[in-house]
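Participant: Handing over structure17.txt, compact mmCIF, C-alpha atoms.
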# COMPACT_ATOMS: atom_id res chain seq x y z
CA MET X 1 70.67 -3.81 -15.86
CA CYS X 2 70.53 -3.88 -12.08
CA GLU X 3 71.19 -0.55 -10.36
CA VAL X 4 73.43 -2.38 -7.87
CA ASP X 5 75.87 -3.55 -10.58
CA GLN X 6 75.06 -2.17 -14.01
CA LYS X 7 77.82 -4.12 -15.76
CA ASN X 8 77.30 -7.64 -14.48
CA ILE X 9 73.81 -8.11 -13.08
CA GLU X 10 70.65 -8.06 -15.13
CA CYS X 11 67.60 -6.23 -13.80
CA GLY X 12 65.62 -8.81 -11.86
CA TRP X 13 62.38 -6.91 -12.30
CA GLN X 14 62.91 -6.74 -16.06
CA LEU X 15 63.53 -10.51 -16.17
CA ILE X 16 60.39 -11.15 -14.14
CA TYR X 17 58.33 -8.79 -16.27
CA ASP X 18 59.57 -10.27 -19.55
CA ARG X 19 58.99 -13.83 -18.36
CA MET X 20 55.50 -13.12 -17.08
CA LYS X 21 54.65 -11.35 -20.32
CA LEU X 22 55.89 -14.35 -22.31
CA LEU X 23 53.72 -16.67 -20.25
CA GLY X 24 50.74 -14.36 -20.42
CA LEU X 25 50.72 -13.99 -16.64
CA LEU X 26 51.27 -10.24 -16.28
CA GLY X 27 48.02 -10.08 -14.30
CA ARG X 28 49.77 -11.81 -11.41
CA LEU X 29 51.99 -8.78 -10.93
CA GLU X 30 48.86 -6.78 -10.19
CA GLU X 31 47.82 -8.98 -7.28
CA ASN X 32 48.57 -7.90 -3.73
CA GLN X 33 50.79 -10.39 -1.98
CA PRO X 34 50.06 -11.01 1.70
CA ILE X 35 52.74 -10.22 4.26
CA LYS X 36 55.04 -13.20 4.62
CA ASP X 37 54.78 -15.47 7.66
CA TRP X 38 58.35 -16.09 8.82
CA ARG X 39 57.52 -18.58 11.56
CA THR X 40 58.82 -21.50 9.55
CA GLY X 41 61.70 -19.58 7.99
CA ARG X 42 65.28 -18.90 9.02
CA ASP X 43 65.38 -18.72 12.82
CA GLY X 44 61.96 -20.29 13.25
CA GLY X 45 63.51 -23.24 15.08
CA PRO X 46 63.64 -26.92 14.17
CA GLY X 47 60.86 -28.05 11.88
CA LYS X 48 59.17 -31.38 11.30
CA ILE X 49 57.81 -32.76 8.06
CA VAL X 50 55.94 -36.06 7.83
CA ARG X 51 55.94 -37.76 4.45
CA GLU X 52 52.45 -39.20 4.60
CA ASP X 53 53.16 -41.23 1.48
CA MET X 54 56.06 -42.97 3.24
CA VAL X 55 54.32 -43.77 6.55
CA LEU X 56 53.96 -47.56 7.16
CA ASP X 57 50.51 -48.78 8.06
CA SER X 58 50.46 -50.04 11.63
CA MET Z 59 39.76 13.59 5.25
CA LYS Z 60 41.84 10.92 6.89
CA ALA Z 61 44.56 12.83 8.68
CA GLU Z 62 43.71 16.54 8.31
CA SER Z 63 47.25 17.33 7.20
CA ASN Z 64 47.94 20.33 5.02
CA LEU Z 65 49.13 18.06 2.20
CA GLU Z 66 45.91 16.07 2.35
CA LYS Z 67 43.85 19.26 2.24
CA VAL Z 68 45.73 20.54 -0.82
CA LEU Z 69 45.45 17.27 -2.75
CA SER Z 70 41.87 16.58 -1.67
CA ALA Z 71 40.88 20.00 -2.98
CA GLY Z 72 42.21 18.97 -6.39
CA HIS Z 73 45.27 21.19 -6.36
CA PHE Z 74 48.79 20.35 -7.50
CA ALA Z 75 50.92 19.98 -4.40
CA VAL Z 76 54.51 21.15 -4.23
CA THR Z 77 56.87 19.45 -1.83
CA ALA Z 78 60.59 19.86 -1.28
CA GLU Z 79 63.10 17.66 0.42
CA LEU Z 80 64.87 18.21 3.71
CA GLY Z 81 67.63 15.67 4.25
CA PRO Z 82 68.36 15.06 7.93
CA PRO Z 83 71.94 15.86 9.00
CA LYS Z 84 74.72 13.26 9.18
CA SER Z 85 75.21 14.29 12.78
CA ALA Z 86 73.24 15.22 15.86
CA GLU Z 87 73.29 18.89 14.83
CA VAL Z 88 69.88 20.41 15.42
CA GLU Z 89 70.28 23.93 14.06
CA VAL Z 90 70.74 22.88 10.46
CA ILE Z 91 67.19 21.50 10.35
CA ALA Z 92 65.69 24.82 11.41
CA THR Z 93 67.90 26.58 8.86
CA LYS Z 94 66.77 24.34 6.02
CA ALA Z 95 63.14 24.53 7.16
CA GLY Z 96 63.44 28.31 7.13
CA TYR Z 97 64.29 28.25 3.42
CA LEU Z 98 61.14 26.25 2.69
CA LYS Z 99 58.64 27.74 5.11
CA GLY Z 100 55.73 29.33 3.30
CA LYS Z 101 56.98 28.17 -0.10
CA VAL Z 102 55.89 24.53 -0.21
CA ASP Z 103 52.87 22.53 0.88
CA ALA Z 104 54.93 19.94 2.76
CA VAL Z 105 58.52 18.88 3.24
CA ASN Z 106 59.87 15.38 2.61
CA ILE Z 107 62.12 14.06 5.35
CA THR Z 108 64.28 11.26 4.01
CA ASP Z 109 64.93 7.99 5.85
CA ASN Z 110 68.63 7.07 5.69
CA GLN Z 111 68.71 8.31 2.11
CA THR Z 112 70.90 6.28 -0.29
CA ALA Z 113 71.55 3.94 2.64
CA ILE Z 114 73.74 6.49 4.39
CA VAL Z 115 73.20 6.89 8.12
CA ARG Z 116 71.59 10.15 9.10
CA MET Z 117 69.40 11.47 11.89
CA SER Z 118 66.13 9.51 11.91
CA SER Z 119 63.38 10.80 9.65
CA ILE Z 120 60.99 10.93 12.59
CA GLY Z 121 63.38 12.91 14.79
CA ALA Z 122 64.23 15.34 12.02
CA GLY Z 123 60.56 15.51 10.99
CA VAL Z 124 59.45 16.56 14.45
CA LEU Z 125 62.19 19.21 14.54
CA ALA Z 126 61.03 20.44 11.13
CA LEU Z 127 57.47 20.60 12.45
CA LYS Z 128 58.65 22.75 15.33
CA ALA Z 129 60.44 24.95 12.81
CA GLY Z 130 57.16 25.65 11.06
CA VAL Z 131 56.92 23.29 8.07
CA GLU Z 132 54.74 20.23 7.65
CA PRO Z 133 56.84 17.08 7.39
CA VAL Z 134 56.22 14.08 5.16
CA VAL Z 135 58.17 11.47 7.07
CA GLN Z 136 59.59 8.76 4.85
CA ILE Z 137 59.67 5.17 6.07
CA THR Z 138 61.67 2.59 4.15
CA CYS Z 139 61.37 -1.18 4.38
CA ARG Z 140 65.13 -1.67 4.29
CA ASP Z 141 66.00 -0.98 7.92
CA ARG Z 142 63.10 -2.15 10.10
CA ASN Z 143 60.79 -5.11 10.53
CA ARG Z 144 57.03 -4.91 11.11
CA LEU Z 145 57.44 -4.47 14.88
CA ALA Z 146 59.78 -1.51 14.57
CA ILE Z 147 57.81 0.12 11.76
CA GLN Z 148 54.48 -0.05 13.59
CA ALA Z 149 56.08 1.22 16.79
CA ASP Z 150 57.64 4.12 14.87
CA VAL Z 151 54.33 4.97 13.21
CA LEU Z 152 52.68 5.25 16.63
CA GLY Z 153 55.59 7.31 17.94
CA ALA Z 154 55.63 9.59 14.92
CA TYR Z 155 51.89 10.21 15.16
CA ALA Z 156 52.13 10.90 18.88
CA LEU Z 157 54.76 13.54 18.14
CA GLY Z 158 52.58 15.28 15.57
CA VAL Z 159 53.56 13.67 12.26
CA ARG Z 160 50.56 13.36 9.93
CA ASN Z 161 52.07 12.34 6.56
CA ILE Z 162 54.08 9.17 5.93
CA LEU Z 163 55.58 8.22 2.58
CA CYS Z 164 56.09 4.46 2.16
CA LEU Z 165 59.25 3.48 0.28
CA SER Z 166 61.34 0.38 -0.40
CA GLY Z 167 64.65 2.08 0.37
CA ASP Z 168 67.82 2.31 -1.66
CA HIS Z 169 69.97 -0.82 -1.68
CA GLN Z 170 72.65 -0.87 1.03
CA SER Z 171 75.38 -1.26 -1.59
CA PHE Z 172 74.93 2.46 -2.36
CA GLY Z 173 75.57 3.57 1.19
CA ASN Z 174 78.25 3.78 3.83
CA HIS Z 175 77.43 0.47 5.56
CA GLN Z 176 77.65 -1.88 2.62
CA GLY Z 177 78.06 -4.95 4.81
CA CYS Z 178 74.79 -4.40 6.62
CA LYS Z 179 71.83 -6.74 6.44
CA ASN Z 180 68.71 -5.37 4.82
CA VAL Z 181 65.33 -6.27 6.26
CA TYR Z 182 62.40 -6.06 3.82
CA ASP Z 183 60.11 -7.87 6.22
CA LEU Z 184 57.44 -5.88 4.36
CA ASP Z 185 57.72 -4.46 0.88
CA SER Z 186 56.59 -0.93 0.11
CA ILE Z 187 53.16 -1.98 -1.13
CA GLN Z 188 52.61 -4.08 1.98
CA LEU Z 189 53.77 -1.13 4.08
CA ILE Z 190 51.01 0.99 2.57
CA GLY Z 191 48.54 -1.76 3.42
CA ALA Z 192 49.90 -2.00 6.97
CA LEU Z 193 49.45 1.73 7.58
CA LYS Z 194 45.95 1.58 6.13
CA THR Z 195 45.11 -1.32 8.45
CA MET Z 196 46.37 0.69 11.42
CA ARG Z 197 44.48 3.83 10.41
CA ASP Z 198 41.19 2.52 8.98
CA GLU Z 199 40.70 -0.82 10.71
CA LYS Z 200 42.39 0.45 13.85
CA LYS Z 201 44.35 -2.77 14.14
CA PHE Z 202 47.97 -3.85 14.04
CA ILE Z 203 49.15 -6.13 11.24
CA CYS Z 204 48.58 -9.10 13.57
CA GLY Z 205 44.90 -8.22 13.90
CA GLU Z 206 44.96 -6.91 17.46
CA GLU Z 207 43.19 -3.64 18.13
CA ILE Z 208 45.31 -0.55 18.75
CA ARG Z 209 44.52 -0.09 22.44
CA ASN Z 210 46.39 -0.49 25.71
CA SER Z 211 43.92 -2.92 27.30
CA LYS Z 212 40.37 -4.21 26.88
CA ASN Z 213 38.96 -1.22 28.72
CA SER Z 214 41.18 1.36 27.06
CA PRO Z 215 40.03 3.46 24.13
CA VAL Z 216 41.18 2.59 20.63
CA VAL Z 217 43.59 5.31 19.52
CA GLU Z 218 44.76 4.76 15.97
CA PRO Z 219 47.35 6.82 14.08
CA ARG Z 220 45.47 9.09 11.65
CA ILE Z 221 48.14 9.16 8.97
CA TYR Z 222 47.96 10.47 5.41
CA ILE Z 223 49.58 7.64 3.47
CA GLY Z 224 51.76 8.17 0.42
CA GLY Z 225 53.55 5.98 -2.11
CA ALA Z 226 56.12 6.74 -4.79
CA GLU Z 227 56.62 5.89 -8.43
CA ASN Z 228 59.80 6.31 -10.42
CA PRO Z 229 58.84 6.95 -14.05
CA PHE Z 230 62.41 6.08 -15.10
CA GLY Z 231 62.49 2.71 -13.36
CA ASP Z 232 62.58 -0.52 -15.35
CA PRO Z 233 60.54 -2.16 -16.67
CA SER Z 234 59.18 1.06 -18.06
CA SER Z 235 56.00 -0.48 -19.41
CA SER Z 236 54.89 -1.75 -16.01
CA GLY Z 237 54.63 0.39 -12.89
CA PRO Z 238 51.75 2.78 -12.56
CA SER Z 239 49.62 1.01 -15.14
CA VAL Z 240 49.01 -1.62 -12.49
CA TRP Z 241 48.38 0.75 -9.59
CA PRO Z 242 44.63 0.76 -9.25
CA ARG Z 243 44.49 -2.93 -8.43
CA ARG Z 244 47.95 -3.54 -7.09
CA TRP Z 245 47.95 -0.69 -4.63
CA PRO Z 246 45.62 -1.09 -1.68
CA PRO Z 247 42.88 1.50 -1.60
CA GLY Z 248 44.49 3.09 1.44
CA TRP Z 249 47.14 4.95 -0.47
CA THR Z 250 46.14 8.51 -0.91
CA SER Z 251 48.94 10.29 -2.67
CA SER Z 252 52.00 9.63 -4.70
CA ARG Z 253 55.23 11.49 -5.02
CA PRO Z 254 58.49 10.89 -6.84
CA SER Z 255 61.76 10.98 -4.99
CA ALA Z 256 63.81 14.15 -5.15
CA SER Z 257 66.09 12.69 -7.77
CA THR Z 258 63.17 12.21 -10.13
CA ILE Z 259 62.15 15.07 -12.35
CA TRP Z 260 58.56 14.61 -13.38
CA SER Z 261 58.68 16.98 -16.31
CA ALA Z 262 61.48 14.98 -17.89
CA SER Z 263 59.20 12.05 -18.49
CA ARG Z 264 55.91 13.04 -20.00
CA SER Z 265 54.91 9.48 -20.76
CA GLY Z 266 55.71 8.45 -17.21
CA CYS Z 267 53.69 11.37 -15.88
CA ALA Z 268 50.77 10.56 -18.11
CA ARG Z 269 50.79 6.94 -17.01
CA CYS Z 270 50.87 8.00 -13.39
CA ALA Z 271 48.02 10.42 -13.89
CA ARG Z 272 45.90 7.85 -15.69
CA ALA Z 273 46.53 5.22 -13.07
CA ALA Z 274 46.38 7.28 -9.93
CA CYS Z 275 43.21 7.34 -7.91
CA THR Z 276 43.89 10.98 -7.11
CA PRO Z 277 45.60 12.16 -10.32
CA ARG Z 278 47.55 15.38 -9.92
Show the structure stored in the file as structure tokens.
Facilitator:
Amino acid sequence: MCEVDQKNIECGWQLIYDRMKLLGLLGRLEENQPIKDWRTGRDGGPGKIVREDMVLDS
Amino acid sequence: MKAESNLEKVLSAGHFAVTAELGPPKSAEVEVIATKAGYLKGKVDAVNITDNQTAIVRMSSIGAGVLALKAGVEPVVQITCRDRNRLAIQADVLGAYALGVRNILCLSGDHQSFGNHQGCKNVYDLDSIQLIGALKTMRDEKKFICGEEIRNSKNSPVVEPRIYIGGAENPFGDPSSSGPSVWPRRWPPGWTSSRPSASTIWSASRSGCARCARAACTPR
């Protein structure tokens, strides 16, 4: 169980570990993850996404 | 030798290092640090200085660490990822080094729900593994996380923080079958020592100890 609430919240790491083991992907937990780039997250300002598949040919 | 600290010398020589913990005061009282350091002086290889331990506000680990250094013990300043982003952490690493700190232990930090400011926002801009990598980048590549060299201007000398970098493993943490078994690849090669938190008793978990020893690059 989670150390934050041992009665109501399951351990997130245990869930991740069990799931990865089931999928045979435990090796992924051994990879170093790069530091996250927050420029497009939270207070990164308004964003713009173009759906190329929806753009009309001119 | 990366940092020439006493702890690095002990571990590099293949010895078992003994450290004890010195919790900074929950006030601006200075004397208590010298008193606690006095109990430990000459008895341990280095002294852990906690960083807002259990998410309870205390004197900063860097401030208390420098006071401990003046009192005659070698500090291992703890830095958690809970309270600061990458700007603040890198600035503090430079400041700590400038004030004589040579050992930094990289930790995630206890969840704020354990502490006395439960409504606070945690940060975790970096996680503890990334923090180790960040300190290694600063020390060995002499660059900040962003890639810029650690120098004041183009004509200034590069002056990097020569820090002995540590990480921690809790042999009682779930999931018990993961953890140190994945260290050699998961941990960047910059990490140079490992140490459990004060609440962890190594001898109580032989299997955990054995796993740590097998996995550690510098098994002690």
Participant: Just to confirm, what's the straight-line distance from atom CA of Z:Glu199 to atom CA of Z:Ile223 in Å (one decimal)?
Facilitator: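 These two atoms are separated by 14.2 Å.
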Participant: When distances are computed from only C-alpha atoms, which of X:Ile9, X:Glu30, X:Cys2, X:Asp37 shows the smallest separation from chain Z?
Facilitator: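 Nearest to chain Z: X:Glu30.
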Participant: For chain Z, which of X:Arg19, X:Lys7, X:Lys36, X:Arg42 is the closest residue, counting all atoms listed in the file?
Facilitator: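 Answer, going by the shortest atom-to-atom distance: X:Lys36.
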Participant: Z:Ser119, Z:Ser171, Z:Ser186, Z:Asn161: which is nearest chain X, counting all atoms listed in the file?
Facilitator: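 Of Z:Ser119, Z:Ser171, Z:Ser186, Z:Asn161, the one nearest chain X is Z:Ser171, counting all atoms listed in the file.
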Participant: Please build the interface table for chain X against chain Z with a cut-off of 9 Å, listing for each qualifying residue the nearest atom pair and the distance in Å to one decimal; count only C-alpha atoms, order rows by chain and increasing number, and write it as a tab-separated table.
Facilitator:
residue	atom	partner	partner_atom	distance
X:Met1	CA	Z:Asp232	CA	8.7
X:Glu3	CA	Z:His169	CA	8.8
X:Val4	CA	Z:Ser171	CA	6.7
X:Cys11	CA	Z:Asp232	CA	7.8
X:Trp13	CA	Z:Pro233	CA	6.7
X:Gln14	CA	Z:Pro233	CA	5.2
X:Leu15	CA	Z:Pro233	CA	8.9
X:Tyr17	CA	Z:Pro233	CA	7.0
X:Asp18	CA	Z:Pro233	CA	8.7
X:Gly27	CA	Z:Val240	CA	8.7
X:Leu29	CA	Z:Arg244	CA	7.7
X:Glu30	CA	Z:Arg244	CA	4.6
X:Glu31	CA	Z:Arg244	CA	5.4
X:Asn32	CA	Z:Arg244	CA	5.5
X:Gln33	CA	Z:Gln188	CA	7.7
X:Pro34	CA	Z:Gln188	CA	7.4
X:Ile35	CA	Z:Leu184	CA	6.4
X:Lys36	CA	Z:Asp183	CA	7.5
X:Trp38	CA	Z:Asp183	CA	8.8
Participant: Selected residues, C-alpha atoms, written as a compact mmCIF listing (two decimals), keeping the file's coordinate frame, please.
Facilitator:
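And here is the file that came out, part_0.txt:
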# COMPACT_ATOMS: atom_id res chain seq x y z
CA MET X 1 70.67 -3.81 -15.86
CA GLU X 3 71.19 -0.55 -10.36
CA VAL X 4 73.43 -2.38 -7.87
CA CYS X 11 67.60 -6.23 -13.80
CA TRP X 13 62.38 -6.91 -12.30
CA GLN X 14 62.91 -6.74 -16.06
CA LEU X 15 63.53 -10.51 -16.17
CA TYR X 17 58.33 -8.79 -16.27
CA ASP X 18 59.57 -10.27 -19.55
CA GLY X 27 48.02 -10.08 -14.30
CA LEU X 29 51.99 -8.78 -10.93
CA GLU X 30 48.86 -6.78 -10.19
CA GLU X 31 47.82 -8.98 -7.28
CA ASN X 32 48.57 -7.90 -3.73
CA GLN X 33 50.79 -10.39 -1.98
CA PRO X 34 50.06 -11.01 1.70
CA ILE X 35 52.74 -10.22 4.26
CA LYS X 36 55.04 -13.20 4.62
CA TRP X 38 58.35 -16.09 8.82
Participant: Mind pulling up the distance from atom CA of Z:Tyr222 to atom CA of Z:Glu207?
Facilitator: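 Going from atom CA of Z:Glu207 over to atom CA of Z:Tyr222, I get 19.6 Å.
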Participant: Could you check how far atom CA of Z:Val217 sits from atom CA of Z:Leu165, in Å to one decimal?
Facilitator: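 Between these atoms lies a distance of 24.9 Å.
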Participant: Using only C-alpha atoms, which of Z:Ile120, Z:Ala126, Z:Ile91, Z:Ala86 sits nearest Z:Tyr155?
Facilitator: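 So, comparing all the options, the nearest one is Z:Ile120.
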Participant: Write out as a ChimeraX atom specification which residues come within 6 Å of Z:Arg140 when counting all atoms listed in the file, dropping same-chain ones fewer than 5 positions away.
Facilitator: /Z:167,180-182
Participant: Those residues you just picked out, can you put them in a file as a CSV table (one decimal), in the coordinates of the input with C-alpha atoms?
Facilitator:
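File written: result08.csv
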chain,number,residue,atom,x,y,z
Z,167,GLY,CA,64.6,2.1,0.4
Z,180,ASN,CA,68.7,-5.4,4.8
Z,181,VAL,CA,65.3,-6.3,6.3
Z,182,TYR,CA,62.4,-6.1,3.8
Participant: Up to 9 Å from (62.1, 5.4, 0.9) in the file's coordinates: name the residues, counting all atoms listed in the file, as a list in words.
Facilitator: Thr108, Asp109, Asn110, Gln111, Thr112, Gln136, Ile137, Thr138, Cys139, Arg140, Leu163, Cys164, Leu165, Ser166, Gly167, Asp168, Ser186, Ala226 and Ser255 of chain Z
